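Reproduced below: model_6.cif, with mmCIF, C-alpha atoms.
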```cif
data_model
#
loop_
_atom_site.group_PDB
_atom_site.id
_atom_site.type_symbol
_atom_site.label_atom_id
_atom_site.label_comp_id
_atom_site.auth_asym_id
_atom_site.auth_seq_id
_atom_site.Cartn_x
_atom_site.Cartn_y
_atom_site.Cartn_z
ATOM 1 C CA MET A 1 -5.278 -17.770 -22.941
ATOM 2 C CA GLU A 2 -3.053 -20.770 -22.228
ATOM 3 C CA PHE A 3 0.036 -18.538 -22.396
ATOM 4 C CA TRP A 4 -1.587 -16.278 -19.812
ATOM 5 C CA ARG A 5 -2.381 -19.204 -17.538
ATOM 6 C CA GLN A 6 1.238 -20.328 -17.731
ATOM 7 C CA ILE A 7 2.719 -16.815 -17.520
ATOM 8 C CA TYR A 8 4.842 -17.594 -14.475
ATOM 9 C CA MET A 9 6.556 -20.330 -16.479
ATOM 10 C CA HIS A 10 7.708 -17.727 -19.020
ATOM 11 C CA PHE A 11 8.512 -14.832 -16.711
ATOM 12 C CA ASP A 12 11.574 -14.202 -14.514
ATOM 13 C CA VAL A 13 11.066 -12.171 -11.339
ATOM 14 C CA VAL A 14 14.537 -10.694 -11.898
ATOM 15 C CA ALA A 15 14.558 -7.906 -14.476
ATOM 16 C CA PHE A 16 18.350 -7.682 -14.755
ATOM 17 C CA SER A 17 21.566 -7.943 -12.757
ATOM 18 C CA ILE A 18 24.162 -5.226 -12.222
ATOM 19 C CA PHE A 19 27.507 -5.799 -10.514
ATOM 20 C CA GLY A 20 26.174 -9.066 -9.132
ATOM 21 C CA PHE A 21 23.038 -7.499 -7.637
ATOM 22 C CA LYS A 22 19.730 -8.803 -8.908
ATOM 23 C CA VAL A 23 17.152 -6.103 -9.675
ATOM 24 C CA HIS A 24 13.647 -7.516 -9.354
ATOM 25 C CA TRP A 25 10.600 -6.284 -11.233
ATOM 26 C CA TYR A 26 8.975 -5.661 -7.846
ATOM 27 C CA GLY A 27 11.682 -3.162 -6.961
ATOM 28 C CA ILE A 28 11.240 -1.397 -10.291
ATOM 29 C CA MET A 29 7.475 -1.201 -9.775
ATOM 30 C CA TYR A 30 8.018 0.155 -6.264
ATOM 31 C CA VAL A 31 10.272 2.946 -7.538
ATOM 32 C CA ILE A 32 7.740 3.802 -10.259
ATOM 33 C CA ALA A 33 5.015 3.928 -7.603
ATOM 34 C CA LEU A 34 7.052 6.349 -5.469
ATOM 35 C CA LEU A 35 7.864 8.673 -8.338
ATOM 36 C CA LEU A 36 4.285 8.607 -9.625
ATOM 37 C CA ALA A 37 2.953 9.487 -6.172
ATOM 38 C CA LEU A 38 5.222 12.538 -6.064
ATOM 39 C CA VAL A 39 4.325 13.608 -9.609
ATOM 40 C CA LEU A 40 0.610 13.253 -8.871
ATOM 41 C CA ALA A 41 0.997 15.187 -5.613
ATOM 42 C CA LYS A 42 2.619 18.092 -7.445
ATOM 43 C CA PHE A 43 -0.122 17.967 -10.090
ATOM 44 C CA PHE A 44 -2.952 18.012 -7.553
ATOM 45 C CA VAL A 45 -1.310 20.813 -5.557
ATOM 46 C CA LYS A 46 -1.627 23.002 -8.652
ATOM 47 C CA LYS A 47 -4.976 21.683 -9.859
ATOM 48 C CA PHE A 48 -6.787 22.090 -6.543
ATOM 49 C CA GLN A 49 -4.601 24.950 -5.237
ATOM 50 C CA PHE A 50 -3.352 23.255 -2.091
ATOM 51 C CA ASP A 51 -1.459 25.721 0.090
ATOM 52 C CA ILE A 52 1.772 23.704 -0.017
ATOM 53 C CA ARG A 53 5.058 25.012 -1.383
ATOM 54 C CA ASP A 54 7.035 22.792 -3.753
ATOM 55 C CA LYS A 55 10.105 22.634 -1.504
ATOM 56 C CA ILE A 56 7.988 21.645 1.484
ATOM 57 C CA LEU A 57 6.308 18.927 -0.576
ATOM 58 C CA ASP A 58 9.653 17.462 -1.636
ATOM 59 C CA ASN A 59 10.799 17.396 1.982
ATOM 60 C CA TYR A 60 7.546 15.804 3.106
ATOM 61 C CA PHE A 61 7.881 13.123 0.449
ATOM 62 C CA VAL A 62 11.165 11.977 2.017
ATOM 63 C CA TRP A 63 9.630 11.882 5.491
ATOM 64 C CA ALA A 64 6.556 10.019 4.289
ATOM 65 C CA GLU A 65 8.560 7.408 2.384
ATOM 66 C CA ILE A 66 10.806 6.708 5.354
ATOM 67 C CA GLY A 67 7.707 6.299 7.505
ATOM 68 C CA VAL A 68 6.101 3.960 4.945
ATOM 69 C CA ILE A 69 9.178 1.723 4.658
ATOM 70 C CA LEU A 70 9.781 1.528 8.409
ATOM 71 C CA GLY A 71 6.112 0.952 9.184
ATOM 72 C CA ALA A 72 5.595 -1.579 6.412
ATOM 73 C CA ARG A 73 8.586 -3.679 7.425
ATOM 74 C CA VAL A 74 8.023 -3.547 11.195
ATOM 75 C CA GLY A 75 4.316 -4.200 10.672
ATOM 76 C CA TYR A 76 5.062 -7.303 8.624
ATOM 77 C CA VAL A 77 7.495 -8.632 11.224
ATOM 78 C CA LEU A 78 5.013 -8.116 14.065
ATOM 79 C CA ILE A 79 1.878 -9.329 12.275
ATOM 80 C CA TYR A 80 2.781 -11.821 9.565
ATOM 81 C CA ASP A 81 6.332 -13.109 9.926
ATOM 82 C CA ALA A 82 6.804 -16.569 11.428
ATOM 83 C CA ASN A 83 10.126 -15.428 12.936
ATOM 84 C CA THR A 84 8.791 -12.519 14.996
ATOM 85 C CA ALA A 85 10.543 -13.695 18.178
ATOM 86 C CA TYR A 86 13.880 -13.856 16.346
ATOM 87 C CA TYR A 87 13.527 -10.328 14.997
ATOM 88 C CA LEU A 88 12.505 -8.941 18.386
ATOM 89 C CA THR A 89 15.727 -10.317 19.866
ATOM 90 C CA HIS A 90 17.771 -9.349 16.789
ATOM 91 C CA PRO A 91 16.131 -6.044 15.713
ATOM 92 C CA TRP A 92 19.114 -5.071 13.557
ATOM 93 C CA GLN A 93 18.176 -7.953 11.242
ATOM 94 C CA ILE A 94 14.774 -6.463 10.373
ATOM 95 C CA PHE A 95 16.295 -4.283 7.655
ATOM 96 C CA ASN A 96 19.245 -6.485 6.763
ATOM 97 C CA PRO A 97 19.121 -6.975 2.954
ATOM 98 C CA PHE A 98 21.532 -9.925 3.075
ATOM 99 C CA GLY A 99 20.515 -13.497 3.850
ATOM 100 C CA ARG A 100 22.241 -15.624 6.471
ATOM 101 C CA ASN A 101 24.550 -16.974 3.769
ATOM 102 C CA GLY A 102 25.607 -13.440 2.846
ATOM 103 C CA GLU A 103 23.628 -13.342 -0.407
ATOM 104 C CA PHE A 104 21.870 -10.083 -1.252
ATOM 105 C CA ILE A 105 18.117 -10.755 -1.174
ATOM 106 C CA GLY A 106 16.736 -7.278 -0.482
ATOM 107 C CA ILE A 107 14.051 -6.423 2.051
ATOM 108 C CA ARG A 108 11.271 -9.012 1.870
ATOM 109 C CA GLY A 109 7.937 -8.793 3.626
ATOM 110 C CA LEU A 110 5.987 -5.526 3.839
ATOM 111 C CA SER A 111 2.613 -4.851 5.451
ATOM 112 C CA TYR A 112 0.191 -2.261 4.060
ATOM 113 C CA HIS A 113 -1.449 -1.653 7.430
ATOM 114 C CA GLY A 114 1.975 -1.236 9.007
ATOM 115 C CA ALA A 115 2.850 1.215 6.232
ATOM 116 C CA ILE A 116 -0.251 3.262 7.077
ATOM 117 C CA VAL A 117 0.810 3.552 10.730
ATOM 118 C CA GLY A 118 4.342 4.547 9.728
ATOM 119 C CA PHE A 119 3.022 7.048 7.191
ATOM 120 C CA LEU A 120 0.682 8.667 9.720
ATOM 121 C CA LEU A 121 3.410 8.966 12.351
ATOM 122 C CA ALA A 122 5.800 10.488 9.827
ATOM 123 C CA THR A 123 3.148 12.945 8.635
ATOM 124 C CA VAL A 124 2.249 14.014 12.178
ATOM 125 C CA LEU A 125 5.915 14.529 13.099
ATOM 126 C CA PHE A 126 6.627 16.398 9.861
ATOM 127 C CA CYS A 127 3.682 18.745 10.239
ATOM 128 C CA LYS A 128 4.529 19.401 13.866
ATOM 129 C CA LYS A 129 8.183 20.150 13.096
ATOM 130 C CA TYR A 130 7.479 22.411 10.103
ATOM 131 C CA LYS A 131 4.192 23.830 11.411
ATOM 132 C CA GLN A 132 2.128 22.539 8.497
ATOM 133 C CA ASN A 133 -1.580 21.724 8.225
ATOM 134 C CA LEU A 134 -1.811 17.987 8.943
ATOM 135 C CA TRP A 135 -5.206 17.473 7.309
ATOM 136 C CA LEU A 136 -4.137 19.229 4.123
ATOM 137 C CA PHE A 137 -1.212 16.835 3.666
ATOM 138 C CA LEU A 138 -3.374 13.803 4.421
ATOM 139 C CA ASP A 139 -5.938 14.906 1.845
ATOM 140 C CA LEU A 140 -3.198 15.380 -0.744
ATOM 141 C CA ALA A 141 -1.854 11.894 -0.008
ATOM 142 C CA ALA A 142 -5.353 10.439 -0.389
ATOM 143 C CA LEU A 143 -5.457 11.807 -3.938
ATOM 144 C CA SER A 144 -1.890 10.881 -4.863
ATOM 145 C CA VAL A 145 -1.452 7.378 -3.446
ATOM 146 C CA PRO A 146 -4.152 5.164 -5.063
ATOM 147 C CA LEU A 147 -2.934 5.260 -8.685
ATOM 148 C CA ALA A 148 0.662 4.788 -7.533
ATOM 149 C CA TYR A 149 -0.507 1.842 -5.442
ATOM 150 C CA VAL A 150 -1.550 0.079 -8.651
ATOM 151 C CA PHE A 151 2.122 -0.407 -9.502
ATOM 152 C CA GLY A 152 2.780 -1.870 -6.069
ATOM 153 C CA ARG A 153 0.201 -4.606 -6.650
ATOM 154 C CA VAL A 154 1.422 -5.204 -10.184
ATOM 155 C CA GLY A 155 4.835 -5.602 -8.581
ATOM 156 C CA ASN A 156 3.402 -8.305 -6.293
ATOM 157 C CA PHE A 157 2.059 -10.075 -9.364
ATOM 158 C CA LEU A 158 5.366 -9.894 -11.227
ATOM 159 C CA ASN A 159 7.216 -11.022 -8.102
ATOM 160 C CA GLN A 160 4.988 -14.122 -7.981
ATOM 161 C CA GLU A 161 3.810 -13.525 -4.412
ATOM 162 C CA LEU A 162 0.549 -13.001 -2.513
ATOM 163 C CA PHE A 163 -1.165 -15.652 -4.618
ATOM 164 C CA GLY A 164 -4.896 -15.916 -5.126
ATOM 165 C CA ARG A 165 -7.075 -18.762 -3.922
ATOM 166 C CA VAL A 166 -7.606 -21.914 -5.947
ATOM 167 C CA SER A 167 -10.065 -21.297 -8.788
ATOM 168 C CA ASP A 168 -11.294 -22.581 -12.132
ATOM 169 C CA VAL A 169 -11.971 -19.170 -13.724
ATOM 170 C CA ALA A 170 -10.933 -18.813 -17.356
ATOM 171 C CA TRP A 171 -8.450 -16.044 -16.537
ATOM 172 C CA GLY A 172 -6.794 -17.937 -13.685
ATOM 173 C CA ILE A 173 -3.025 -18.491 -13.628
ATOM 174 C CA TYR A 174 -1.061 -21.569 -12.668
ATOM 175 C CA VAL A 175 1.063 -21.331 -9.537
ATOM 176 C CA GLU A 176 3.169 -24.452 -9.044
ATOM 177 C CA GLY A 177 0.668 -26.431 -11.115
ATOM 178 C CA ILE A 178 -2.438 -25.126 -9.327
ATOM 179 C CA LEU A 179 -4.879 -22.740 -11.032
ATOM 180 C CA ARG A 180 -5.489 -19.654 -8.910
ATOM 181 C CA HIS A 181 -7.115 -16.220 -9.035
ATOM 182 C CA PRO A 182 -4.696 -13.440 -10.117
ATOM 183 C CA SER A 183 -5.755 -11.662 -6.917
ATOM 184 C CA GLN A 184 -2.891 -9.179 -7.059
ATOM 185 C CA LEU A 185 -4.463 -7.695 -10.193
ATOM 186 C CA TYR A 186 -7.888 -7.607 -8.546
ATOM 187 C CA GLU A 187 -6.279 -5.566 -5.779
ATOM 188 C CA ALA A 188 -4.535 -3.287 -8.260
ATOM 189 C CA PHE A 189 -7.917 -2.508 -9.826
ATOM 190 C CA LEU A 190 -10.121 -2.203 -6.717
ATOM 191 C CA GLU A 191 -7.623 -0.803 -4.208
ATOM 192 C CA GLY A 192 -5.982 1.406 -6.819
ATOM 193 C CA PHE A 193 -8.161 2.557 -9.719
ATOM 194 C CA VAL A 194 -11.556 2.299 -8.011
ATOM 195 C CA VAL A 195 -10.396 3.909 -4.771
ATOM 196 C CA PHE A 196 -8.813 6.752 -6.745
ATOM 197 C CA ILE A 197 -12.065 7.415 -8.615
ATOM 198 C CA VAL A 198 -13.989 7.497 -5.335
ATOM 199 C CA VAL A 199 -11.549 9.947 -3.708
ATOM 200 C CA PHE A 200 -11.220 12.118 -6.819
ATOM 201 C CA LEU A 201 -14.997 12.502 -7.178
ATOM 202 C CA MET A 202 -15.287 13.205 -3.459
ATOM 203 C CA LYS A 203 -12.903 16.128 -3.875
ATOM 204 C CA PHE A 204 -15.637 18.062 -5.694
ATOM 205 C CA LYS A 205 -18.013 17.569 -2.748
ATOM 206 C CA GLN A 206 -15.472 17.933 0.049
ATOM 207 C CA SER A 207 -16.820 19.921 3.002
ATOM 208 C CA PHE A 208 -13.903 19.863 5.467
ATOM 209 C CA GLN A 209 -10.176 19.212 5.452
ATOM 210 C CA GLY A 210 -9.358 15.641 6.278
ATOM 211 C CA GLU A 211 -12.464 14.310 4.557
ATOM 212 C CA LEU A 212 -10.544 12.939 1.568
ATOM 213 C CA ALA A 213 -8.166 11.051 3.850
ATOM 214 C CA ILE A 214 -11.121 9.501 5.676
ATOM 215 C CA VAL A 215 -12.847 8.561 2.409
ATOM 216 C CA TYR A 216 -9.648 7.012 1.083
ATOM 217 C CA ALA A 217 -9.117 4.913 4.205
ATOM 218 C CA GLY A 218 -12.744 3.770 4.198
ATOM 219 C CA ALA A 219 -12.787 2.940 0.487
ATOM 220 C CA TYR A 220 -9.503 1.079 0.733
ATOM 221 C CA SER A 221 -10.708 -0.941 3.729
ATOM 222 C CA LEU A 222 -13.797 -2.085 1.831
ATOM 223 C CA ALA A 223 -11.822 -2.846 -1.341
ATOM 224 C CA ARG A 224 -9.197 -4.817 0.571
ATOM 225 C CA PHE A 225 -11.885 -6.733 2.482
ATOM 226 C CA VAL A 226 -13.498 -7.824 -0.792
ATOM 227 C CA CYS A 227 -10.211 -8.707 -2.489
ATOM 228 C CA GLU A 228 -9.177 -10.917 0.417
ATOM 229 C CA PHE A 229 -11.954 -13.356 -0.527
ATOM 230 C CA TYR A 230 -9.888 -14.124 -3.652
ATOM 231 C CA ARG A 231 -6.456 -14.022 -2.027
ATOM 232 C CA GLU A 232 -4.831 -16.983 -0.316
ATOM 233 C CA PRO A 233 -4.599 -16.370 3.456
ATOM 234 C CA ASP A 234 -1.113 -15.572 4.689
ATOM 235 C CA PHE A 235 1.150 -18.572 5.115
ATOM 236 C CA GLY A 236 1.474 -19.655 8.728
ATOM 237 C CA ILE A 237 -1.601 -17.670 9.766
ATOM 238 C CA GLY A 238 -4.475 -18.927 7.639
ATOM 239 C CA PHE A 239 -7.990 -17.871 8.585
ATOM 240 C CA VAL A 240 -8.055 -15.974 11.861
ATOM 241 C CA ALA A 241 -11.730 -16.013 12.887
ATOM 242 C CA TRP A 242 -15.174 -16.451 11.303
ATOM 243 C CA GLY A 243 -13.504 -17.610 8.092
ATOM 244 C CA LEU A 244 -11.738 -14.245 7.698
ATOM 245 C CA SER A 245 -8.067 -13.658 6.938
ATOM 246 C CA MET A 246 -5.733 -11.378 8.898
ATOM 247 C CA GLY A 247 -6.009 -8.815 6.101
ATOM 248 C CA GLN A 248 -9.793 -8.783 6.457
ATOM 249 C CA ILE A 249 -9.653 -8.479 10.239
ATOM 250 C CA LEU A 250 -7.260 -5.536 9.994
ATOM 251 C CA SER A 251 -9.404 -3.948 7.274
ATOM 252 C CA LEU A 252 -12.512 -4.237 9.453
ATOM 253 C CA LEU A 253 -10.694 -2.604 12.368
ATOM 254 C CA MET A 254 -9.456 0.107 10.046
ATOM 255 C CA PHE A 255 -12.982 0.729 8.773
ATOM 256 C CA VAL A 256 -14.355 1.054 12.322
ATOM 257 C CA VAL A 257 -11.668 3.630 13.155
ATOM 258 C CA VAL A 258 -12.438 5.467 9.917
ATOM 259 C CA PHE A 259 -16.183 5.429 10.610
ATOM 260 C CA LEU A 260 -15.732 6.925 14.078
ATOM 261 C CA SER A 261 -13.132 9.433 12.866
ATOM 262 C CA TYR A 262 -15.406 10.703 10.112
ATOM 263 C CA PHE A 263 -18.157 11.771 12.478
ATOM 264 C CA TYR A 264 -15.651 13.232 14.925
ATOM 265 C CA LEU A 265 -13.914 15.296 12.268
ATOM 266 C CA LYS A 266 -17.162 16.396 10.658
ATOM 267 C CA THR A 267 -18.392 17.925 13.904
ATOM 268 C CA LYS A 268 -15.138 19.010 15.560
ATOM 269 C CA ILE A 269 -12.547 19.919 12.943
ATOM 270 C CA LYS A 270 -11.863 23.605 12.627
ATOM 271 C CA PHE A 271 -10.496 23.594 9.075
ATOM 272 C CA LYS A 272 -13.777 24.005 7.199
ATOM 273 C CA LEU A 273 -13.677 24.612 3.478
ATOM 274 C CA SER A 274 -15.127 27.830 2.152
#
```
Starting from the file, give its structure as structure tokens.
Amino acid sequence: MEFWRQIYMHFDVVAFSIFGFKVHWYGIMYVIALLLALVLAKFFVKKFQFDIRDKILDNYFVWAEIGVILGARVGYVLIYDANTAYYLTHPWQIFNPFGRNGEFIGIRGLSYHGAIVGFLLATVLFCKKYKQNLWLFLDLAALSVPLAYVFGRVGNFLNQELFGRVSDVAWGIYVEGILRHPSQLYEAFLEGFVVFIVVFLMKFKQSFQGELAIVYAGAYSLARFVCEFYREPDFGIGFVAWGLSMGQILSLLMFVVVFLSYFYLKTKIKFKLS
């Protein structure tokens, strides 16, 4: 147990270096998450007979990933970054992987809620351009994303970021000499495994297209809200209001939108399942 508590003392965030470039474990986990999401999407297309051709799915994957990366990075800069004003006046720096000293540091700082906005915009544009069923693609994503998301949170843990709050639990880990919750792993479990189970089971009771996407968004919002009680509030922001973090505020807003969308779609959507 003591080794576990001191795991950050024995673990390097850099997996290996190649030609002078440092490859972090977080980057490896991110790539695994992307590939797993695509593999799962192809599996669920066959299992549940989604009317989506393989070539179209591959093309959509590229669109969706570009939307996720753009949205996640811009969202972080606008919501969390302490240098928002600088980036707004130097927008070309938002995706600059090199530090001011010229050292390669990669793209640091991504927002989940920003990624959702980017993903939705990319999906809408893709479906409009290729005349595809928007709700079908969103439902497929709801099934494919959660398990892949687990690797993203494990990546946060390995990258020694998004620390948990101070705690004295037996399974806590030391971060700079302070015992904290391994909140990244809580998020991997609740926002990944649990949300997947909820969405997967809902598939067998689905009554209209788009329902899985709504259930995913609602389940994730609740899981994220709970996990934030164990996660240290974002540096430079702290608690926003009523003792809640920015992540919790955004999750509450997301849940309200999901709640209203569910009843709208249930009564208005034309793509009913037979």
Item to complete: Run the PyMOL selection byres ((chain A and resi 59-74) around 6) against the file shown and list the residues it catches, as number ranges by chain.
Response: A: 56-58, 75-77, 110-112, 114-115, 118-119, 122
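Residues in contact with Leu136 of chain A at 10 Å, where only C-alpha atoms are counted and same-chain residues fewer than 4 positions away are skipped, are listed as Phe50, Asp51, Ile52, Cys127, Gln132, Leu140, Ala141, Ala142, Phe208, Gln209, Gly210, Glu211, Leu212, Ala213 and Phe271 of chain A.
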Per residue of segment 110-215 of chain A within 7 Å of segment 15-30 of chain A, what are the shortest atom pair and its distance in Å to one decimal, counting only C-alpha atoms, with rows by chain and residue number, as a Markdown table?
```
| residue | atom | partner | partner_atom | distance |
| --- | --- | --- | --- | --- |
| A:Phe151 | CA | A:Met29 | CA | 5.4 |
| A:Gly152 | CA | A:Tyr30 | CA | 5.6 |
| A:Gly155 | CA | A:Tyr26 | CA | 4.2 |
| A:Asn156 | CA | A:Tyr26 | CA | 6.4 |
| A:Leu158 | CA | A:Trp25 | CA | 6.4 |
| A:Asn159 | CA | A:Tyr26 | CA | 5.6 |
```
Worksheet entry | Shell around Leu162 of chain A at 10 Å using only C-alpha atoms, local window under 3 positions removed, as a PyMOL selection string | chain A and resi 153+156-157+159+165+182-184+231-235
Discussion item. As a check of understanding, name the residues that the PyMOL selection byres ((chain A and resi 148) around 12) selects in the supplied structure, as an NGL selection string.
Written reply: :A and (29-41 or 141-147 or 149-155 or 188-189 or 191-193 or 195-196)
Worksheet item: In Å, with one decimal, what is the gap from atom CA of Asp12 of chain A to atom CA of Leu185 of chain A?
Response: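 Between atom CA of Asp12 of chain A and atom CA of Leu185 of chain A the gap works out to 17.8 Å.
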Practice prompt. Show which residues sit within 9 Å of Phe229 of chain A, as a list in words. Count only C-alpha atoms, and ignore same-chain residues fewer than 4 positions away.
Written response: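 Residues near the query, excluding close chain neighbours: Gly164, Arg165, Phe225, Pro233, Leu244, Ser245 and Gln248 of chain A.
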Can you sort out the box for segment 18-26 of chain A, edges along x, y and z, all listed atoms in, 4 Å on every side, with centre and edge lengths in Å to one decimal, as JSON?
```
{"center_x": 18.2, "center_y": -7.1, "center_z": -9.9, "size_x": 26.5, "size_y": 11.8, "size_z": 12.6}
```
Worksheet entry | Between atom CA of Tyr174 of chain A and atom CA of Arg5 of chain A, distance in Å (one decimal) |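 Atom CA of Arg5 of chain A lies 5.6 Å from atom CA of Tyr174 of chain A.
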Practice prompt. Could you give me, as an MDAnalysis selection string, the residues that have an atom at most 12 Å away from the point (-4.5, -19.6, -13.2) in the coordinates of the file, using all atoms listed in the file?
Written response: chainID A and resid 1:9 163:183
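The space separating atom CA of Ile249 of chain A from atom CA of Glu187 of chain A comes to 16.6 Å.
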Practice prompt. Can you work out which one of A:Leu134, A:Ala217, A:Met254, A:Ile79 has the shortest atom-to-atom distance to Val240 of chain A, counting all atoms listed in the file?
Written response: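 The answer is A:Ile79, which sits nearest to Val240 of chain A.
Candidate residues A:Gln160, A:Thr123, A:Ile214, A:Gly247 were compared for distance to Ser261 of chain A, and the nearest is A:Ile214, using all atoms listed in the file.
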Can you patch up segment 203-211 of chain A, filling it in to all heavy atoms, and show the result as a JSON list (two decimals), in the coordinates of the input?
```
[["chain", "number", "residue", "atom", "x", "y", "z"],
["A", 203, "LYS", "N", -13.57, 14.83, -3.98],
["A", 203, "LYS", "CA", -12.90, 16.13, -3.88],
["A", 203, "LYS", "C", -13.85, 17.26, -4.27],
["A", 203, "LYS", "O", -13.79, 18.36, -3.69],
["A", 203, "LYS", "CB", -11.66, 16.14, -4.77],
["A", 203, "LYS", "CG", -10.95, 17.49, -4.85],
["A", 203, "LYS", "CD", -10.50, 17.98, -3.48],
["A", 203, "LYS", "CE", -9.88, 19.36, -3.58],
["A", 203, "LYS", "NZ", -9.58, 19.95, -2.25],
["A", 204, "PHE", "N", -14.73, 17.02, -5.22],
["A", 204, "PHE", "CA", -15.64, 18.06, -5.69],
["A", 204, "PHE", "C", -16.82, 18.29, -4.75],
["A", 204, "PHE", "O", -17.59, 19.22, -4.95],
["A", 204, "PHE", "CB", -16.13, 17.71, -7.10],
["A", 204, "PHE", "CG", -15.03, 17.62, -8.11],
["A", 204, "PHE", "CD1", -14.48, 16.40, -8.46],
["A", 204, "PHE", "CD2", -14.51, 18.77, -8.69],
["A", 204, "PHE", "CE1", -13.46, 16.31, -9.39],
["A", 204, "PHE", "CE2", -13.48, 18.70, -9.62],
["A", 204, "PHE", "CZ", -12.94, 17.46, -9.96],
["A", 205, "LYS", "N", -16.95, 17.41, -3.74],
["A", 205, "LYS", "CA", -18.01, 17.57, -2.75],
["A", 205, "LYS", "C", -17.46, 17.72, -1.34],
["A", 205, "LYS", "O", -18.20, 17.69, -0.36],
["A", 205, "LYS", "CB", -18.96, 16.37, -2.79],
["A", 205, "LYS", "CG", -19.71, 16.21, -4.10],
["A", 205, "LYS", "CD", -20.68, 15.05, -4.04],
["A", 205, "LYS", "CE", -21.46, 14.91, -5.34],
["A", 205, "LYS", "NZ", -22.44, 13.79, -5.29],
["A", 206, "GLN", "N", -16.13, 17.87, -1.26],
["A", 206, "GLN", "CA", -15.47, 17.93, 0.05],
["A", 206, "GLN", "C", -15.97, 19.12, 0.87],
["A", 206, "GLN", "O", -16.08, 20.23, 0.38],
["A", 206, "GLN", "CB", -13.96, 18.05, -0.15],
["A", 206, "GLN", "CG", -13.16, 18.01, 1.15],
["A", 206, "GLN", "CD", -11.66, 18.11, 0.90],
["A", 206, "GLN", "OE1", -11.22, 18.36, -0.23],
["A", 206, "GLN", "NE2", -10.87, 17.92, 1.94],
["A", 207, "SER", "N", -16.28, 18.87, 2.14],
["A", 207, "SER", "CA", -16.82, 19.92, 3.00],
["A", 207, "SER", "C", -15.87, 20.32, 4.13],
["A", 207, "SER", "O", -16.06, 21.37, 4.75],
["A", 207, "SER", "CB", -18.16, 19.47, 3.60],
["A", 207, "SER", "OG", -17.99, 18.28, 4.36],
["A", 208, "PHE", "N", -14.87, 19.50, 4.43],
["A", 208, "PHE", "CA", -13.90, 19.86, 5.47],
["A", 208, "PHE", "C", -12.57, 19.17, 5.19],
["A", 208, "PHE", "O", -12.52, 18.13, 4.54],
["A", 208, "PHE", "CB", -14.40, 19.49, 6.87],
["A", 208, "PHE", "CG", -14.65, 18.01, 7.06],
["A", 208, "PHE", "CD1", -13.64, 17.15, 7.48],
["A", 208, "PHE", "CD2", -15.91, 17.48, 6.82],
["A", 208, "PHE", "CE1", -13.88, 15.79, 7.65],
["A", 208, "PHE", "CE2", -16.16, 16.13, 7.00],
["A", 208, "PHE", "CZ", -15.13, 15.28, 7.41],
["A", 209, "GLN", "N", -11.50, 19.78, 5.66],
["A", 209, "GLN", "CA", -10.18, 19.21, 5.45],
["A", 209, "GLN", "C", -10.03, 17.93, 6.27],
["A", 209, "GLN", "O", -10.41, 17.86, 7.43],
["A", 209, "GLN", "CB", -9.10, 20.22, 5.84],
["A", 209, "GLN", "CG", -9.00, 21.37, 4.85],
["A", 209, "GLN", "CD", -7.90, 22.36, 5.21],
["A", 209, "GLN", "OE1", -7.18, 22.16, 6.17],
["A", 209, "GLN", "NE2", -7.79, 23.43, 4.43],
["A", 210, "GLY", "N", -9.49, 16.94, 5.64],
["A", 210, "GLY", "CA", -9.36, 15.64, 6.28],
["A", 210, "GLY", "C", -10.38, 14.65, 5.76],
["A", 210, "GLY", "O", -10.24, 13.44, 5.94],
["A", 211, "GLU", "N", -11.39, 15.17, 5.05],
["A", 211, "GLU", "CA", -12.46, 14.31, 4.56],
["A", 211, "GLU", "C", -11.95, 13.34, 3.48],
["A", 211, "GLU", "O", -12.35, 12.18, 3.44],
["A", 211, "GLU", "CB", -13.60, 15.15, 4.00],
["A", 211, "GLU", "CG", -14.86, 14.34, 3.69],
["A", 211, "GLU", "CD", -16.05, 15.21, 3.34],
["A", 211, "GLU", "OE1", -15.85, 16.40, 3.03],
["A", 211, "GLU", "OE2", -17.18, 14.69, 3.41]]
```
